[in-house]
file structure00.tsv (TSV, C-alpha atoms)
chain	number	residue	atom	x	y	z
A	1	MET	CA	118.44	93.43	85.38
A	2	ALA	CA	121.75	95.08	86.27
A	3	SER	CA	121.55	93.63	89.80
A	4	VAL	CA	120.99	90.12	88.41
A	5	LEU	CA	124.07	90.48	86.18
A	6	ASN	CA	126.10	91.81	89.11
A	7	ILE	CA	125.15	88.82	91.25
A	8	ALA	CA	126.16	86.41	88.50
A	9	SER	CA	129.54	88.05	87.97
A	10	THR	CA	130.57	89.16	91.46
A	11	THR	CA	133.60	87.56	93.10
A	12	LYS	CA	132.68	88.90	96.51
A	13	THR	CA	130.89	87.03	99.26
A	14	PHE	CA	128.40	88.65	101.59
A	15	ARG	CA	127.98	87.50	105.20
A	16	VAL	CA	124.45	88.55	106.18
A	17	ALA	CA	123.14	88.78	109.75
A	18	VAL	CA	119.42	89.35	110.19
A	19	VAL	CA	118.02	90.91	113.36
A	20	GLY	CA	114.23	90.82	113.60
A	21	VAL	CA	112.39	87.88	112.07
A	22	GLY	CA	108.76	88.99	112.25
A	23	LEU	CA	106.58	89.86	109.26
A	24	VAL	CA	109.17	91.92	107.38
A	25	GLY	CA	112.15	89.89	108.59
A	26	GLY	CA	110.49	86.60	107.69
A	27	GLU	CA	109.65	87.83	104.21
A	28	PHE	CA	113.21	89.10	103.70
A	29	ILE	CA	114.68	85.75	104.80
A	30	THR	CA	112.41	83.97	102.32
A	31	GLN	CA	113.59	86.26	99.52
A	32	LEU	CA	117.25	85.87	100.52
A	33	LEU	CA	117.11	82.07	100.64
A	34	ALA	CA	115.34	81.98	97.27
A	35	PHE	CA	118.47	83.07	95.36
A	36	PRO	CA	119.65	80.19	93.16
A	37	SER	CA	122.94	78.48	93.90
A	38	PRO	CA	125.70	79.53	93.77
A	39	SER	CA	124.62	82.61	95.71
A	40	PRO	CA	127.12	85.19	96.97
A	41	PHE	CA	125.02	85.61	100.12
A	42	ARG	CA	125.72	83.59	103.26
A	43	LEU	CA	123.17	83.89	106.04
A	44	VAL	CA	125.42	83.75	109.10
A	45	SER	CA	123.04	84.86	111.83
A	46	LEU	CA	119.38	85.09	112.74
A	47	SER	CA	118.17	86.93	115.83
A	48	SER	CA	114.75	87.27	117.38
A	49	SER	CA	113.86	88.90	120.68
A	50	LYS	CA	114.42	85.52	122.39
A	51	SER	CA	117.24	83.72	120.61
A	52	THR	CA	120.16	83.97	118.18
A	53	ALA	CA	121.54	81.45	115.71
A	54	TYR	CA	125.08	82.06	114.42
A	55	HIS	CA	127.71	80.35	112.32
A	56	PRO	CA	130.55	82.29	110.63
A	57	ASP	CA	130.44	80.12	107.50
A	58	GLY	CA	126.68	80.33	107.13
A	59	LEU	CA	123.68	78.66	108.71
A	60	THR	CA	122.42	75.47	107.10
A	61	VAL	CA	118.78	76.50	106.81
A	62	SER	CA	115.99	76.62	104.24
A	63	THR	CA	112.77	78.60	103.90
A	64	SER	CA	111.00	75.84	105.81
A	65	SER	CA	113.60	75.14	108.51
A	66	TRP	CA	115.03	78.47	109.67
A	67	LYS	CA	112.36	79.09	112.33
A	68	ASP	CA	112.98	75.71	114.00
A	69	GLU	CA	116.74	76.28	113.83
A	70	LEU	CA	116.41	79.63	115.56
A	71	VAL	CA	114.14	78.30	118.31
A	72	SER	CA	116.40	75.33	119.05
A	73	THR	CA	119.69	77.23	119.26
A	74	GLY	CA	119.48	78.04	122.97
A	75	ARG	CA	121.62	81.18	122.58
A	76	LYS	CA	120.16	84.42	123.93
A	77	PRO	CA	120.31	87.54	121.71
A	78	ASN	CA	123.32	89.69	122.47
A	79	LEU	CA	124.28	92.70	120.36
A	80	GLN	CA	127.80	92.86	121.79
A	81	PHE	CA	128.36	89.23	120.78
A	82	LEU	CA	127.01	89.93	117.30
A	83	LEU	CA	129.18	93.04	116.94
A	84	ARG	CA	132.32	91.15	117.93
A	85	GLU	CA	131.63	88.18	115.64
A	86	LEU	CA	130.61	90.23	112.59
A	87	ALA	CA	133.57	92.59	112.98
A	88	ALA	CA	135.90	89.58	112.86
A	89	LEU	CA	134.42	88.55	109.49
A	90	VAL	CA	135.25	91.83	107.74
A	91	LYS	CA	138.09	91.38	105.24
A	92	PRO	CA	138.94	92.22	101.62
A	93	GLY	CA	136.59	90.51	99.17
A	94	GLN	CA	134.07	89.73	101.89
A	95	GLU	CA	131.34	92.19	102.81
A	96	VAL	CA	129.51	91.85	106.11
A	97	VAL	CA	125.96	93.15	106.37
A	98	LEU	CA	123.66	93.66	109.33
A	99	VAL	CA	120.00	93.71	108.26
A	100	ASP	CA	117.91	95.21	111.06
A	101	ASN	CA	114.22	94.48	110.53
A	102	THR	CA	113.21	95.60	114.01
A	103	SER	CA	111.80	98.89	115.23
A	104	SER	CA	114.15	98.80	118.20
A	105	ASN	CA	115.91	101.84	119.62
A	106	ASP	CA	118.47	99.52	121.24
A	107	VAL	CA	119.54	98.01	117.92
A	108	ALA	CA	119.59	101.43	116.25
A	109	ALA	CA	121.89	102.77	118.96
A	110	PHE	CA	124.49	100.15	117.93
A	111	TYR	CA	124.67	101.29	114.30
A	112	PRO	CA	127.71	103.57	114.79
A	113	GLN	CA	129.67	100.70	116.36
A	114	PHE	CA	128.81	98.23	113.60
A	115	LEU	CA	129.73	100.79	110.95
A	116	LYS	CA	132.96	101.69	112.76
A	117	TYR	CA	134.14	98.09	112.38
A	118	GLY	CA	133.22	97.91	108.70
A	119	VAL	CA	129.82	96.22	108.96
A	120	ASN	CA	127.31	97.57	106.44
A	121	ILE	CA	123.82	98.41	107.70
A	122	ILE	CA	120.55	97.86	105.84
A	123	THR	CA	117.30	98.60	107.62
A	124	PRO	CA	113.64	99.62	107.43
A	125	ASN	CA	113.98	100.73	111.09
A	126	LYS	CA	113.20	104.45	111.22
A	127	LYS	CA	114.48	104.98	114.77
A	128	ALA	CA	118.15	105.71	114.08
A	129	PHE	CA	117.46	108.14	111.25
A	130	SER	CA	114.62	110.04	112.90
A	131	SER	CA	115.83	110.31	116.51
A	132	ASP	CA	118.14	112.95	117.95
A	133	LEU	CA	120.66	114.53	115.61
A	134	THR	CA	123.67	113.28	117.60
A	135	LEU	CA	123.00	109.62	116.76
A	136	TYR	CA	122.40	110.46	113.10
A	137	GLU	CA	125.72	112.32	112.87
A	138	GLN	CA	127.54	109.45	114.62
A	139	ILE	CA	126.16	107.08	111.97
A	140	LEU	CA	127.36	109.34	109.17
A	141	SER	CA	130.84	109.84	110.61
A	142	ALA	CA	131.32	106.14	111.42
A	143	GLY	CA	130.46	105.22	107.83
A	144	VAL	CA	132.85	107.79	106.43
A	145	GLU	CA	135.64	106.63	108.75
A	146	SER	CA	135.40	102.92	107.88
A	147	GLY	CA	133.95	103.00	104.39
A	148	ALA	CA	131.03	100.84	105.49
A	149	ARG	CA	127.69	101.85	103.98
A	150	PHE	CA	124.19	102.19	105.35
A	151	PHE	CA	120.98	102.00	103.38
A	152	ASN	CA	117.48	102.79	104.56
A	153	GLU	CA	115.37	102.81	101.38
A	154	ALA	CA	112.53	100.95	103.10
A	155	THR	CA	112.09	103.62	105.80
A	156	VAL	CA	110.55	106.18	103.42
A	157	GLY	CA	110.62	107.11	99.72
A	158	LEU	CA	113.57	109.34	98.86
A	159	ALA	CA	113.83	112.32	96.55
A	160	THR	CA	115.63	112.98	93.26
A	161	GLY	CA	119.03	114.56	92.62
A	162	ASP	CA	117.23	117.83	91.86
A	163	LYS	CA	117.12	120.77	94.29
A	164	VAL	CA	114.10	120.17	96.51
A	165	LEU	CA	111.86	123.13	97.34
A	166	LYS	CA	108.96	121.33	99.00
A	167	ILE	CA	107.86	117.78	99.75
A	168	GLU	CA	104.24	117.03	100.55
A	169	GLY	CA	102.59	113.68	100.86
A	170	VAL	CA	100.50	111.02	102.52
A	171	PHE	CA	103.30	109.00	104.10
A	172	SER	CA	101.41	106.55	106.32
A	173	GLY	CA	99.69	103.51	104.86
A	174	THR	CA	97.53	103.31	107.97
A	175	MET	CA	96.43	106.95	107.85
A	176	SER	CA	95.89	106.66	104.10
A	177	TYR	CA	93.53	103.72	104.51
A	178	ILE	CA	91.64	105.28	107.42
A	179	PHE	CA	90.94	108.59	105.68
A	180	ASN	CA	90.29	107.07	102.26
A	181	GLU	CA	87.50	105.10	103.90
A	182	PHE	CA	86.42	107.86	106.27
A	183	SER	CA	86.14	110.49	103.54
A	184	THR	CA	83.56	108.42	101.65
A	185	GLY	CA	81.09	109.02	104.45
A	186	LYS	CA	80.44	105.30	104.79
A	187	GLU	CA	82.64	104.67	107.81
A	188	GLY	CA	83.69	106.47	110.96
A	189	VAL	CA	87.29	106.63	112.11
A	190	LEU	CA	86.66	103.78	114.57
A	191	VAL	CA	85.22	101.47	111.89
A	192	SER	CA	88.06	102.33	109.51
A	193	LEU	CA	90.64	101.65	112.21
A	194	ARG	CA	89.01	98.31	113.07
A	195	SER	CA	88.85	97.39	109.39
A	196	TRP	CA	92.56	98.16	109.06
A	197	ALA	CA	93.38	96.12	112.15
A	198	SER	CA	91.42	93.14	110.79
A	199	ARG	CA	93.84	93.03	107.86
A	200	GLY	CA	96.68	92.40	110.29
A	201	ARG	CA	98.21	95.81	109.66
A	202	LYS	CA	98.28	97.85	112.83
A	203	GLU	CA	100.62	99.07	115.51
A	204	PRO	CA	100.73	97.26	118.88
A	205	HIS	CA	98.43	99.98	120.27
A	206	PRO	CA	95.71	101.66	118.15
A	207	ALA	CA	96.85	105.08	119.38
A	208	ASP	CA	100.14	104.52	117.57
A	209	ASP	CA	98.18	104.60	114.32
A	210	LEU	CA	96.66	107.99	115.14
A	211	ASN	CA	99.33	110.01	116.94
A	212	GLY	CA	101.28	111.01	113.81
A	213	ALA	CA	104.68	109.80	115.06
A	214	ASP	CA	105.22	107.48	112.08
A	215	VAL	CA	104.75	110.36	109.64
A	216	ALA	CA	106.98	112.62	111.76
A	217	ARG	CA	109.77	110.03	111.64
A	218	LYS	CA	109.57	109.79	107.86
A	219	LEU	CA	109.65	113.59	107.54
A	220	THR	CA	112.74	113.66	109.73
A	221	ILE	CA	114.52	111.11	107.55
A	222	LEU	CA	113.67	113.02	104.37
A	223	SER	CA	114.59	116.42	105.78
A	224	ARG	CA	118.06	115.19	106.73
A	225	PHE	CA	118.80	114.50	103.07
A	226	ILE	CA	118.26	118.20	102.37
A	227	PRO	CA	121.48	120.06	103.27
A	228	SER	CA	119.81	123.23	104.56
A	229	LEU	CA	117.53	121.22	106.87
A	230	ARG	CA	119.95	118.60	108.13
A	231	SER	CA	120.18	120.23	111.55
A	232	ALA	CA	116.62	121.56	111.63
A	233	LEU	CA	115.31	118.80	113.92
A	234	PRO	CA	117.78	118.41	116.82
A	235	ALA	CA	115.43	116.10	118.73
A	236	GLY	CA	114.52	114.15	115.62
A	237	TYR	CA	110.85	113.37	115.03
A	238	GLN	CA	109.97	114.97	118.36
A	239	SER	CA	110.99	118.33	116.85
A	240	VAL	CA	108.42	117.96	114.05
A	241	SER	CA	105.21	119.95	114.48
A	242	THR	CA	102.86	116.99	114.77
A	243	LYS	CA	99.07	116.91	115.09
A	244	SER	CA	97.94	113.89	117.08
A	245	LEU	CA	94.47	112.60	116.28
A	246	VAL	CA	94.26	110.86	119.64
A	247	PRO	CA	91.63	112.69	121.73
A	248	PRO	CA	93.30	114.20	124.83
A	249	GLU	CA	90.88	112.28	127.02
A	250	LEU	CA	92.32	109.02	125.69
A	251	ASP	CA	95.99	109.94	126.09
A	252	GLY	CA	97.78	107.53	128.38
A	253	ILE	CA	95.29	104.68	128.11
A	254	GLU	CA	97.54	101.63	128.08
A	255	SER	CA	94.94	99.07	127.05
A	256	GLY	CA	94.31	98.91	123.32
A	257	ASP	CA	90.91	97.32	123.93
A	258	GLU	CA	89.92	100.13	126.28
A	259	PHE	CA	91.09	102.70	123.73
A	260	ILE	CA	88.94	101.14	120.99
A	261	LYS	CA	85.99	100.90	123.36
A	262	ARG	CA	86.07	104.62	124.15
A	263	LEU	CA	86.92	105.97	120.68
A	264	PRO	CA	83.21	106.12	119.59
A	265	GLU	CA	82.70	108.83	122.21
A	266	PHE	CA	84.50	111.16	119.79
A	267	ASP	CA	82.83	110.12	116.52
A	268	ALA	CA	80.90	113.41	116.44
A	269	GLN	CA	84.15	115.42	116.50
A	270	PHE	CA	85.60	113.51	113.56
A	271	GLU	CA	82.29	113.65	111.71
A	272	LYS	CA	82.20	117.45	112.03
A	273	LEU	CA	85.69	117.68	110.52
A	274	ARG	CA	84.59	115.55	107.58
A	275	SER	CA	81.34	117.48	107.14
A	276	ASP	CA	83.07	120.87	107.22
A	277	ALA	CA	85.59	119.71	104.62
A	278	SER	CA	82.83	118.30	102.41
A	279	LYS	CA	80.97	121.63	102.44
A	280	GLU	CA	84.12	123.25	101.06
A	281	GLY	CA	84.41	120.62	98.34
A	282	LYS	CA	87.40	119.06	100.07
A	283	VAL	CA	88.51	115.82	101.67
A	284	LEU	CA	90.61	115.11	104.74
A	285	ARG	CA	94.07	113.61	104.46
A	286	TYR	CA	96.74	113.16	107.11
A	287	ALA	CA	99.73	114.68	105.33
A	288	GLY	CA	103.36	115.50	105.94
A	289	VAL	CA	104.95	118.69	104.62
A	290	ILE	CA	108.56	119.80	104.31
A	291	ASP	CA	108.80	123.38	103.07
A	292	VAL	CA	112.47	124.09	102.49
A	293	LEU	CA	112.17	127.84	101.97
A	294	SER	CA	110.14	128.51	105.13
A	295	GLY	CA	111.73	125.73	107.16
A	296	VAL	CA	108.31	124.35	108.12
A	297	ILE	CA	108.22	120.61	108.78
A	298	LYS	CA	104.83	119.39	109.94
A	299	ALA	CA	102.48	116.40	110.11
A	300	ASP	CA	98.84	117.43	110.27
A	301	LEU	CA	95.29	116.69	109.17
A	302	GLU	CA	94.86	118.77	106.02
A	303	LYS	CA	91.97	119.56	103.68
A	304	TYR	CA	92.47	119.07	99.92
A	305	PRO	CA	90.16	119.93	97.00
A	306	ILE	CA	88.35	116.91	95.56
A	307	THR	CA	90.32	117.50	92.33
A	308	HIS	CA	93.71	117.27	94.09
A	309	PRO	CA	95.83	114.13	93.45
A	310	PHE	CA	95.65	113.33	97.18
A	311	ALA	CA	91.87	113.10	96.76
A	312	THR	CA	91.57	111.48	93.33
A	313	ALA	CA	94.54	109.14	93.08
A	314	LEU	CA	94.66	107.47	96.48
A	315	GLY	CA	93.13	104.09	97.19
A	316	GLY	CA	93.51	101.53	99.94
A	317	SER	CA	96.71	102.06	101.88
A	318	ASP	CA	98.67	103.78	99.09
A	319	ASN	CA	101.25	106.43	99.83
A	320	ILE	CA	101.56	109.42	97.54
A	321	ILE	CA	104.32	112.06	97.57
A	322	MET	CA	104.69	115.28	95.60
A	323	PHE	CA	108.18	116.66	95.02
A	324	HIS	CA	108.33	120.38	94.19
A	325	THR	CA	111.83	121.00	92.84
A	326	GLU	CA	113.63	123.48	90.61
A	327	ARG	CA	112.95	121.24	87.63
A	328	TYR	CA	109.48	120.14	88.74
A	329	GLY	CA	108.05	123.51	89.74
A	330	ALA	CA	104.63	124.20	88.25
A	331	ARG	CA	104.00	120.48	87.77
A	332	PRO	CA	105.46	118.61	90.74
A	333	LEU	CA	106.80	115.08	90.46
A	334	VAL	CA	104.21	112.68	91.93
A	335	VAL	CA	105.21	109.25	93.21
A	336	GLN	CA	102.58	106.78	94.35
A	337	GLY	CA	102.60	103.19	95.50
A	338	ALA	CA	101.84	100.65	98.20
A	339	GLY	CA	102.32	102.12	101.63
A	340	ALA	CA	102.18	99.01	103.79
A	341	GLY	CA	102.82	95.30	103.84
A	342	ALA	CA	105.69	93.01	104.75
A	343	ALA	CA	106.44	91.95	101.16
A	344	VAL	CA	106.79	95.53	99.92
A	345	THR	CA	109.03	96.54	102.85
A	346	ALA	CA	111.18	93.42	102.52
A	347	MET	CA	111.57	94.14	98.80
A	348	GLY	CA	112.98	97.57	99.70
A	349	VAL	CA	115.44	95.94	102.10
A	350	MET	CA	116.47	93.44	99.43
A	351	SER	CA	116.94	96.26	96.94
A	352	ASP	CA	119.41	97.87	99.36
A	353	LEU	CA	121.30	94.61	99.76
A	354	LEU	CA	121.69	94.30	95.99
A	355	LYS	CA	123.28	97.75	95.88
A	356	LEU	CA	126.29	96.29	97.68
A	357	VAL	CA	126.88	93.69	94.95

call {"tool": "encode", "arguments": {"input": "structure00.tsv", "output": "structure tokens"}}
result
Amino acid sequence: MASVLNIASTTKTFRVAVVGVGLVGGEFITQLLAFPSPSPFRLVSLSSSKSTAYHPDGLTVSTSSWKDELVSTGRKPNLQFLLRELAALVKPGQEVVLVDNTSSNDVAAFYPQFLKYGVNIITPNKKAFSSDLTLYEQILSAGVESGARFFNEATVGLATGDKVLKIEGVFSGTMSYIFNEFSTGKEGVLVSLRSWASRGRKEPHPADDLNGADVARKLTILSRFIPSLRSALPAGYQSVSTKSLVPPELDGIESGDEFIKRLPEFDAQFEKLRSDASKEGKVLRYAGVIDVLSGVIKADLEKYPITHPFATALGGSDNIIMFHTERYGARPLVVQGAGAGAAVTAMGVMSDLLKLV
């Protein structure tokens, strides 16, 4: 409600450039263009991997026309061009915002430059905040120097203002779905993975759903909000102790179809893990853990009692996170919600944009 009132009363204008117009980007554009007139937001640029549309006063597009406008522009995407043009728009009373909906390392590497010139950054892209520490610190210092802000709510759920002692959770919507189905005994990992893929929610390669890197990135982002752990992962997510569920024999297989074809060879290994857990009265969950006191940051396949919230509360592709803090000690704070989907992610991006109003 407060954000709605802020929009109605603000005297500022917001020049918004969107990079990445796929599932999340397309949903965000739809939400942005749905604001009633007069809207303080001006969509000045759209960029895909093939083309860029730009006008400093705002593109004349609608929810039904923006795709055709982008295709017909004839201008190739160029981050240096976008940086120069957006920097020129920064002035008192006018905020300029880059919304990066990609998962690109190249775009993420430009964040310090955009921030340096006063361009705010909003993104669900985990790369910049989970890669090597140098880039992360450059982002922080550039924002402090110029006053520009960066928001990354949609990368991972964030903690409270309390002193965090431990964070533990199921952070991947994909892994959540796979092991919720797998733990019932009705499906193998392969069937669960195929079922997930049929819903249109999968990485470009099936191995990317099983290697744990997505969880490791989210743990990196969270750990860097904890002062004592900010420098704990110098190589970013690659410094996280991560258990890959990709069988070693399938490492390096470039073809997703070939990977899926061979995965049944290892059904017996996964079945034994499930059976052993079941005999102990436990279920398998791929979880991430940040233990502040011990300094342990890991992503691994864990066993939880059937009475544990990770066993009883999860369904579908939900994420669930437990925050052990000084205030929430014996009874940790539990946050649960949808862990995947373009609409949910785009809503997080939009929430960040409204914080600037």

call {"tool": "residues_around", "arguments": {"input": "structure00.tsv", "residues": "Pro40 in chain A", "least_positions_apart": "5", "cutoff": "10 Å", "atoms": "all atoms listed in the file", "output": "mmCIF file with C-alpha atoms, in the coordinates of the input"}}
result
data_model
loop_
_atom_site.group_PDB
_atom_site.id
_atom_site.type_symbol
_atom_site.label_atom_id
_atom_site.label_comp_id
_atom_site.auth_asym_id
_atom_site.auth_seq_id
_atom_site.Cartn_x
_atom_site.Cartn_y
_atom_site.Cartn_z
ATOM 1 C CA ILE A 7 125.150 88.820 91.250
ATOM 2 C CA ALA A 8 126.160 86.410 88.500
ATOM 3 C CA SER A 9 129.540 88.050 87.970
ATOM 4 C CA THR A 10 130.570 89.160 91.460
ATOM 5 C CA THR A 11 133.600 87.560 93.100
ATOM 6 C CA LYS A 12 132.680 88.900 96.510
ATOM 7 C CA THR A 13 130.890 87.030 99.260
ATOM 8 C CA PHE A 14 128.400 88.650 101.590
ATOM 9 C CA ARG A 15 127.980 87.500 105.200
ATOM 10 C CA PHE A 35 118.470 83.070 95.360
ATOM 11 C CA GLN A 94 134.070 89.730 101.890
ATOM 12 C CA VAL A 357 126.880 93.690 94.950
#

call {"tool": "atom_distance", "arguments": {"input": "structure00.tsv", "atom1": "CA of Asn78 in chain A", "atom2": "CA of Leu356 in chain A"}}
result
25.8 Å

call {"tool": "residues_around", "arguments": {"input": "structure00.tsv", "residues": "Gly236 in chain A", "least_positions_apart": "2", "cutoff": "10 Å", "atoms": "all atoms listed in the file", "output": "list of chain:residue names"}}
result
A:Lys127, A:Ala128, A:Phe129, A:Ser130, A:Ser131, A:Asp132, A:Leu133, A:Thr134, A:Leu135, A:Tyr136, A:Ala216, A:Arg217, A:Leu219, A:Thr220, A:Ile221, A:Arg224, A:Ser231, A:Ala232, A:Leu233, A:Pro234, A:Gln238, A:Ser239, A:Val240

call {"tool": "residues_near_point", "arguments": {"input": "structure00.tsv", "point": "(131.7, 91.8, 110.0)", "cutoff": "9 Å", "atoms": "only C-alpha atoms", "output": "mmCIF file with C-alpha atoms, keeping the file's coordinate frame"}}
result
data_model
loop_
_atom_site.group_PDB
_atom_site.id
_atom_site.type_symbol
_atom_site.label_atom_id
_atom_site.label_comp_id
_atom_site.auth_asym_id
_atom_site.auth_seq_id
_atom_site.Cartn_x
_atom_site.Cartn_y
_atom_site.Cartn_z
ATOM 1 C CA ARG A 15 127.980 87.500 105.200
ATOM 2 C CA VAL A 16 124.450 88.550 106.180
ATOM 3 C CA LEU A 82 127.010 89.930 117.300
ATOM 4 C CA LEU A 83 129.180 93.040 116.940
ATOM 5 C CA ARG A 84 132.320 91.150 117.930
ATOM 6 C CA GLU A 85 131.630 88.180 115.640
ATOM 7 C CA LEU A 86 130.610 90.230 112.590
ATOM 8 C CA ALA A 87 133.570 92.590 112.980
ATOM 9 C CA ALA A 88 135.900 89.580 112.860
ATOM 10 C CA LEU A 89 134.420 88.550 109.490
ATOM 11 C CA VAL A 90 135.250 91.830 107.740
ATOM 12 C CA LYS A 91 138.090 91.380 105.240
ATOM 13 C CA GLN A 94 134.070 89.730 101.890
ATOM 14 C CA GLU A 95 131.340 92.190 102.810
ATOM 15 C CA VAL A 96 129.510 91.850 106.110
ATOM 16 C CA VAL A 97 125.960 93.150 106.370
ATOM 17 C CA LEU A 98 123.660 93.660 109.330
ATOM 18 C CA PHE A 114 128.810 98.230 113.600
ATOM 19 C CA TYR A 117 134.140 98.090 112.380
ATOM 20 C CA GLY A 118 133.220 97.910 108.700
ATOM 21 C CA VAL A 119 129.820 96.220 108.960
ATOM 22 C CA ASN A 120 127.310 97.570 106.440
#

call {"tool": "closest_residue", "arguments": {"input": "structure00.tsv", "among": "A:His324, A:Lys116, A:Lys67, A:His55", "to": "Ile29 in chain A", "atoms": "all atoms listed in the file"}}
result
A:Lys67

call {"tool": "closest_residue", "arguments": {"input": "structure00.tsv", "among": "A:Leu301, A:Ala142, A:Ala277, A:Val170", "to": "Ala338 in chain A", "atoms": "only C-alpha atoms"}}
result
A:Val170

call {"tool": "closest_residue", "arguments": {"input": "structure00.tsv", "among": "A:Ala235, A:Ala330, A:Met322, A:Val44", "to": "Val289 in chain A", "atoms": "only C-alpha atoms"}}
result
A:Met322
